[in-house]
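Let me begin by presenting the structure, written as structure tokens, before commenting on it.
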Amino acid sequence: MSSLLHNLVHYPKLFQMIFVLGIGGTFQCGIQISVLSSPSPFIKAFLNETWLDRYGSSMPKGSLTLLWSLIVSAFSIGGFFGALVSGPLIGRHGKRTCQVWNSVLPVLASILFACSKMAGSFEMILVVRFIFGFNSGLGMNIHTQYLAEIAPRKLRGFTSVSCSFFVTLGKFCGQILGLREVFGTDLMWPYVMGLCAVTSLVQFVTLPFLPESPPYLLMEKQDEAGCMQAIQQLWGKGDHSREIEDMKKEKTAMKNTKVLGILDVLCDRSLRLQLYVMAVVMVALQLTGISAVYFYSYDVFNKAGFSDDLISYIVLGLGACETSASVVGSFLIERFGRKCLILAAYGLIILDLVLLTLSLSLQASFPWLSYASAIFITLFSLLFGLGPSAVSLVICVEIFTQSSRAAALVIAGSINWMGLYLTGMVFPYVVSSLGPFCFLIFLAVAFFTVIFLYIFLPETKGKSVLEVAEEFYRSRSSWKQELSPEESSQRQEQVMSTRL
């Protein structure tokens, strides 16, 4: 804590930028994941009323289910397209400019959502969800890259973890907004998106006064004076020679390397191992069972004897646990490192899933196990926030250099959004078929993730991106994966630049 207070005093502009980027970045994504859950009965009633007014009959149950699925999934589809265009937009206009104009979208979407009931148009809700998804997909990629590039080396992990913290904070705030005491009523649900508009307006007003990413200015815009000015704004006027030297080394390594596009990254064999690691991390983030845990939470707490009125607040407590765990993770990541933290969390998640599966499958015979199931669900939420939620995006950012990072994060974002979409579409059928044994699938995914990351993921704590690239090169060499002469020459240039 004393270290945090010390850094707050010495890097006030950096922490201000972390906050501004957060409330207009992944915070928006977090809110949209959870905000419609509680008001959903009132929104479905509005869909049916609108259909009745138009066609003189109630909407068929199957049509209502399909329309609601489209509204839910429109967010993921929008996120996929937002992630897809983030690379070209960032490369052409820079992160700050893209994020400033991206913050306009939630304001427009919130106004449309507020007017949908008055206009009697459920089509407006579909459009709003797609806009919010596009905003979140683009904003998440900008946010993660921006954070990794504005922090000094000793604060890079803490800064990058704040991206995940704002996701969990957004989910928690979305749960609060959906409560019946706030906007979870038939009268107030059209205004549930108001907070999204407020935070985006704050970002739109303040972000233009904050600096662009220093590595972007130096390596892609060739603006060394602007880079130095941005560093002084963010870090003050102390000795930052080590970080500046890292950037210059990376710039030297990039002289003979163009900024890579998506196809370039996919076809570059020297980046193949990094892509595998990123894909495993992002797939595991969606398939380790957090959706299943929240899905089962109502039944588990109901069987434990809690009233329906109380369960919504207990589920809110799960969101608070995940948010608190991500805060703890931000302090632990620089102490224990990325690899150690994520492996330990996944290892404990495997044990927790085994115990949760046993307790859920046996609680019909042993009613007291319902209390144990509630404990295991709470523990899972804590472990997920501490490990996968906090560290996954940090790893994806730190294993790629400036020339390949933007395109790689487009791929990571696409995997994440498609995974979110498929999980939402397929998961209900898995649950209906397997019941509590669906957690065995997530257990297998977590087990494979632990083995793969233990073998192939180097520790990135305290290392420059070129030092991480050298470790991947050594790993590839140890597994006797041959490189083409051109790839080998390029990698050797990068290796030598880390030793200058």
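Following the order of the structure tokens, chains are lettered A, B, ..., residues in each are numbered from 1, and ligands are numbered from 1.
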For this session: Just list the residues in segment 178-268 of chain A DSSP gives alpha helix (DSSP H) on the backbone, as a PyMOL selection string.
Result: chain A and resi 194-206+214-215+224-235+241-253+262-267
Exercise. Quick one: residues within 12 Å of Gln233 of chain A, only C-alpha atoms counted, chain neighbours fewer than 2 positions away excluded, as a list in words?
Worked result: His10, Tyr11, Pro12, Lys13, Leu14, Phe15, Gln16, Met17, Ile150, Ala151, Phe209, Leu210, Pro211, Glu212, Ser213, Pro214, Gly226, Cys227, Met228, Gln229, Ala230, Ile231, Trp235, Gly236, Lys237 and Gly238 of chain A
For this session: With a distance cut-off of 8 Å and only C-alpha atoms, select the neighbouring residues of Leu355 of chain A, excluding the residue or stretch itself and same-chain residues fewer than 4 positions from it, and output the selection as a PyMOL selection string.
Result: chain A and resi 351+359+376
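Neighbouring residues of segment 315-327 of chain A at 6 Å or closer, counting only C-alpha atoms and skipping chain neighbours under 2 positions away, are Phe165, Thr168, Leu169, Phe172, Ser312, Tyr313, Gly329, Ser330, Ser381, Leu382, Gly385, Leu386 and Ala390 of chain A.
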For the residues in the current selection, export N, CA, C and O atoms as a PDB file, in the first residue's frame.
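result.pdb was written with the following content:
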```
ATOM      1  N   PHE A 165      -9.556  -4.794 -14.269  1.00  0.00           N
ATOM      2  CA  PHE A 165     -10.283  -4.261 -13.123  1.00  0.00           C
ATOM      3  C   PHE A 165     -11.507  -3.468 -13.576  1.00  0.00           C
ATOM      4  O   PHE A 165     -12.596  -3.594 -12.994  1.00  0.00           O
ATOM      5  N   THR A 168     -14.401  -5.796 -14.599  1.00  0.00           N
ATOM      6  CA  THR A 168     -15.137  -6.339 -13.464  1.00  0.00           C
ATOM      7  C   THR A 168     -15.909  -5.246 -12.733  1.00  0.00           C
ATOM      8  O   THR A 168     -17.032  -5.478 -12.254  1.00  0.00           O
ATOM      9  N   LEU A 169     -15.327  -4.045 -12.667  1.00  0.00           N
ATOM     10  CA  LEU A 169     -16.041  -2.926 -12.052  1.00  0.00           C
ATOM     11  C   LEU A 169     -17.290  -2.584 -12.855  1.00  0.00           C
ATOM     12  O   LEU A 169     -18.354  -2.294 -12.283  1.00  0.00           O
ATOM     13  N   PHE A 172     -19.949  -5.129 -12.148  1.00  0.00           N
ATOM     14  CA  PHE A 172     -20.515  -4.879 -10.824  1.00  0.00           C
ATOM     15  C   PHE A 172     -21.484  -3.695 -10.863  1.00  0.00           C
ATOM     16  O   PHE A 172     -22.600  -3.761 -10.326  1.00  0.00           O
ATOM     17  N   SER A 312     -30.621 -11.899  -5.454  1.00  0.00           N
ATOM     18  CA  SER A 312     -30.070 -10.900  -6.377  1.00  0.00           C
ATOM     19  C   SER A 312     -28.936 -10.115  -5.728  1.00  0.00           C
ATOM     20  O   SER A 312     -27.965  -9.737  -6.394  1.00  0.00           O
ATOM     21  N   TYR A 313     -29.024  -9.909  -4.424  1.00  0.00           N
ATOM     22  CA  TYR A 313     -27.959  -9.188  -3.717  1.00  0.00           C
ATOM     23  C   TYR A 313     -26.760 -10.092  -3.451  1.00  0.00           C
ATOM     24  O   TYR A 313     -25.619  -9.625  -3.415  1.00  0.00           O
ATOM     25  N   GLY A 329      -5.184  -8.691  -7.384  1.00  0.00           N
ATOM     26  CA  GLY A 329      -4.308  -9.158  -8.450  1.00  0.00           C
ATOM     27  C   GLY A 329      -3.379  -8.081  -8.975  1.00  0.00           C
ATOM     28  O   GLY A 329      -2.238  -8.354  -9.351  1.00  0.00           O
ATOM     29  N   SER A 330      -3.844  -6.829  -8.986  1.00  0.00           N
ATOM     30  CA  SER A 330      -3.013  -5.724  -9.465  1.00  0.00           C
ATOM     31  C   SER A 330      -1.808  -5.494  -8.567  1.00  0.00           C
ATOM     32  O   SER A 330      -0.766  -5.005  -9.019  1.00  0.00           O
ATOM     33  N   SER A 381     -15.413 -17.303  -8.069  1.00  0.00           N
ATOM     34  CA  SER A 381     -15.459 -15.904  -8.486  1.00  0.00           C
ATOM     35  C   SER A 381     -14.201 -15.161  -8.056  1.00  0.00           C
ATOM     36  O   SER A 381     -13.636 -14.361  -8.816  1.00  0.00           O
ATOM     37  N   LEU A 382     -13.735 -15.438  -6.843  1.00  0.00           N
ATOM     38  CA  LEU A 382     -12.504 -14.806  -6.348  1.00  0.00           C
ATOM     39  C   LEU A 382     -11.285 -15.245  -7.161  1.00  0.00           C
ATOM     40  O   LEU A 382     -10.452 -14.423  -7.549  1.00  0.00           O
ATOM     41  N   GLY A 385     -11.282 -13.747 -10.739  1.00  0.00           N
ATOM     42  CA  GLY A 385     -10.889 -12.341 -10.733  1.00  0.00           C
ATOM     43  C   GLY A 385      -9.417 -12.153 -10.446  1.00  0.00           C
ATOM     44  O   GLY A 385      -8.772 -11.256 -10.989  1.00  0.00           O
ATOM     45  N   LEU A 386      -8.859 -13.024  -9.615  1.00  0.00           N
ATOM     46  CA  LEU A 386      -7.460 -12.912  -9.226  1.00  0.00           C
ATOM     47  C   LEU A 386      -6.501 -13.333 -10.330  1.00  0.00           C
ATOM     48  O   LEU A 386      -5.432 -12.734 -10.502  1.00  0.00           O
ATOM     49  N   ALA A 390      -7.588 -11.053 -14.411  1.00  0.00           N
ATOM     50  CA  ALA A 390      -6.601  -9.987 -14.198  1.00  0.00           C
ATOM     51  C   ALA A 390      -5.412 -10.074 -15.145  1.00  0.00           C
ATOM     52  O   ALA A 390      -4.882  -9.047 -15.580  1.00  0.00           O
TER      53      ALA A 390
END
```
Problem set entry | Atom pair atom CA of Phe448 of chain A / atom CA of Leu287 of chain A: separation (Å) | 11.5 Å
Can you pull out the residues contacting segment 418-423 of chain A? Cut-off 9 Å, using only C-alpha atoms, and skip same-chain residues under 5 positions away; I want them as a PDB file with N, CA, C and O atoms, in the first residue's frame.
```pdb
ATOM      1  N   VAL A  72     -29.355 -10.016 -27.178  1.00  0.00           N
ATOM      2  CA  VAL A  72     -28.192 -10.357 -26.347  1.00  0.00           C
ATOM      3  C   VAL A  72     -26.952 -10.546 -27.208  1.00  0.00           C
ATOM      4  O   VAL A  72     -25.870 -10.024 -26.901  1.00  0.00           O
ATOM      5  N   SER A  73     -27.087 -11.287 -28.312  1.00  0.00           N
ATOM      6  CA  SER A  73     -25.922 -11.617 -29.140  1.00  0.00           C
ATOM      7  C   SER A  73     -25.460 -10.453 -30.007  1.00  0.00           C
ATOM      8  O   SER A  73     -24.310 -10.448 -30.473  1.00  0.00           O
ATOM      9  N   ALA A  74     -26.319  -9.450 -30.245  1.00  0.00           N
ATOM     10  CA  ALA A  74     -25.911  -8.288 -31.048  1.00  0.00           C
ATOM     11  C   ALA A  74     -24.712  -7.589 -30.431  1.00  0.00           C
ATOM     12  O   ALA A  74     -23.875  -7.019 -31.145  1.00  0.00           O
ATOM     13  N   PHE A  75     -24.605  -7.630 -29.117  1.00  0.00           N
ATOM     14  CA  PHE A  75     -23.455  -7.025 -28.425  1.00  0.00           C
ATOM     15  C   PHE A  75     -22.160  -7.721 -28.819  1.00  0.00           C
ATOM     16  O   PHE A  75     -21.158  -7.063 -29.129  1.00  0.00           O
ATOM     17  N   SER A  76     -22.174  -9.054 -28.849  1.00  0.00           N
ATOM     18  CA  SER A  76     -20.971  -9.806 -29.217  1.00  0.00           C
ATOM     19  C   SER A  76     -20.612  -9.597 -30.686  1.00  0.00           C
ATOM     20  O   SER A  76     -19.432  -9.491 -31.032  1.00  0.00           O
ATOM     21  N   ILE A  77     -21.632  -9.545 -31.544  1.00  0.00           N
ATOM     22  CA  ILE A  77     -21.377  -9.333 -32.978  1.00  0.00           C
ATOM     23  C   ILE A  77     -20.758  -7.956 -33.205  1.00  0.00           C
ATOM     24  O   ILE A  77     -19.791  -7.799 -33.954  1.00  0.00           O
ATOM     25  N   GLY A  79     -19.075  -6.286 -30.991  1.00  0.00           N
ATOM     26  CA  GLY A  79     -17.717  -6.343 -30.432  1.00  0.00           C
ATOM     27  C   GLY A  79     -16.729  -6.969 -31.391  1.00  0.00           C
ATOM     28  O   GLY A  79     -15.582  -6.514 -31.507  1.00  0.00           O
ATOM     29  N   PHE A  80     -17.165  -8.004 -32.120  1.00  0.00           N
ATOM     30  CA  PHE A  80     -16.296  -8.661 -33.096  1.00  0.00           C
ATOM     31  C   PHE A  80     -15.880  -7.681 -34.188  1.00  0.00           C
ATOM     32  O   PHE A  80     -14.698  -7.580 -34.538  1.00  0.00           O
ATOM     33  N   MET A 282      -6.943 -16.644 -24.449  1.00  0.00           N
ATOM     34  CA  MET A 282      -8.246 -16.029 -24.710  1.00  0.00           C
ATOM     35  C   MET A 282      -9.379 -17.059 -24.726  1.00  0.00           C
ATOM     36  O   MET A 282     -10.479 -16.785 -24.250  1.00  0.00           O
ATOM     37  N   VAL A 283      -9.115 -18.247 -25.286  1.00  0.00           N
ATOM     38  CA  VAL A 283     -10.140 -19.297 -25.270  1.00  0.00           C
ATOM     39  C   VAL A 283     -10.426 -19.736 -23.837  1.00  0.00           C
ATOM     40  O   VAL A 283     -11.584 -19.906 -23.435  1.00  0.00           O
ATOM     41  N   LEU A 285     -10.123 -17.986 -21.203  1.00  0.00           N
ATOM     42  CA  LEU A 285     -10.835 -16.917 -20.503  1.00  0.00           C
ATOM     43  C   LEU A 285     -12.341 -17.075 -20.646  1.00  0.00           C
ATOM     44  O   LEU A 285     -13.103 -16.770 -19.720  1.00  0.00           O
ATOM     45  N   GLN A 286     -12.801 -17.570 -21.803  1.00  0.00           N
ATOM     46  CA  GLN A 286     -14.227 -17.753 -22.044  1.00  0.00           C
ATOM     47  C   GLN A 286     -14.729 -19.131 -21.614  1.00  0.00           C
ATOM     48  O   GLN A 286     -15.919 -19.290 -21.320  1.00  0.00           O
ATOM     49  N   LEU A 287     -13.841 -20.125 -21.585  1.00  0.00           N
ATOM     50  CA  LEU A 287     -14.289 -21.504 -21.378  1.00  0.00           C
ATOM     51  C   LEU A 287     -13.827 -22.121 -20.057  1.00  0.00           C
ATOM     52  O   LEU A 287     -13.667 -23.338 -19.959  1.00  0.00           O
ATOM     53  N   SER A 291     -19.316 -18.170 -16.816  1.00  0.00           N
ATOM     54  CA  SER A 291     -20.724 -18.047 -17.212  1.00  0.00           C
ATOM     55  C   SER A 291     -21.568 -19.116 -16.535  1.00  0.00           C
ATOM     56  O   SER A 291     -22.689 -18.850 -16.082  1.00  0.00           O
ATOM     57  N   GLY A 413      -8.943 -10.064 -29.814  1.00  0.00           N
ATOM     58  CA  GLY A 413     -10.286  -9.533 -29.607  1.00  0.00           C
ATOM     59  C   GLY A 413     -11.332 -10.328 -30.366  1.00  0.00           C
ATOM     60  O   GLY A 413     -12.426 -10.588 -29.853  1.00  0.00           O
ATOM     61  N   PRO A 428     -26.486 -22.808 -22.913  1.00  0.00           N
ATOM     62  CA  PRO A 428     -27.756 -23.317 -22.358  1.00  0.00           C
ATOM     63  C   PRO A 428     -28.035 -24.768 -22.745  1.00  0.00           C
ATOM     64  O   PRO A 428     -28.578 -25.533 -21.937  1.00  0.00           O
TER      65      PRO A 428
END
```
Just the residues within 8 Å of Ile18 of chain A, please, counting only C-alpha atoms, with nothing from its chain fewer than 4 positions along; format it as a PDB file with N, CA, C and O atoms, in the first residue's frame.
```
ATOM      1  N   LEU A  14      -0.115   9.772 -14.770  1.00  0.00           N
ATOM      2  CA  LEU A  14      -0.285   8.398 -15.226  1.00  0.00           C
ATOM      3  C   LEU A  14      -1.548   7.793 -14.632  1.00  0.00           C
ATOM      4  O   LEU A  14      -2.350   7.167 -15.342  1.00  0.00           O
ATOM      5  N   GLY A  22      -9.944   3.961 -18.421  1.00  0.00           N
ATOM      6  CA  GLY A  22     -10.756   2.879 -17.881  1.00  0.00           C
ATOM      7  C   GLY A  22     -12.244   3.133 -17.989  1.00  0.00           C
ATOM      8  O   GLY A  22     -12.998   2.271 -18.455  1.00  0.00           O
ATOM      9  N   LEU A 147      -2.580   1.189 -22.310  1.00  0.00           N
ATOM     10  CA  LEU A 147      -2.070   0.996 -20.949  1.00  0.00           C
ATOM     11  C   LEU A 147      -0.669   0.405 -20.957  1.00  0.00           C
ATOM     12  O   LEU A 147       0.193   0.806 -20.163  1.00  0.00           O
ATOM     13  N   THR A 159      -0.426  -1.376 -14.220  1.00  0.00           N
ATOM     14  CA  THR A 159      -1.194  -0.546 -15.147  1.00  0.00           C
ATOM     15  C   THR A 159      -2.051  -1.397 -16.083  1.00  0.00           C
ATOM     16  O   THR A 159      -3.233  -1.117 -16.293  1.00  0.00           O
ATOM     17  N   SER A 162      -5.203  -2.951 -14.633  1.00  0.00           N
ATOM     18  CA  SER A 162      -6.339  -2.049 -14.424  1.00  0.00           C
ATOM     19  C   SER A 162      -7.378  -2.201 -15.539  1.00  0.00           C
ATOM     20  O   SER A 162      -8.563  -1.913 -15.336  1.00  0.00           O
TER      21      SER A 162
END
```
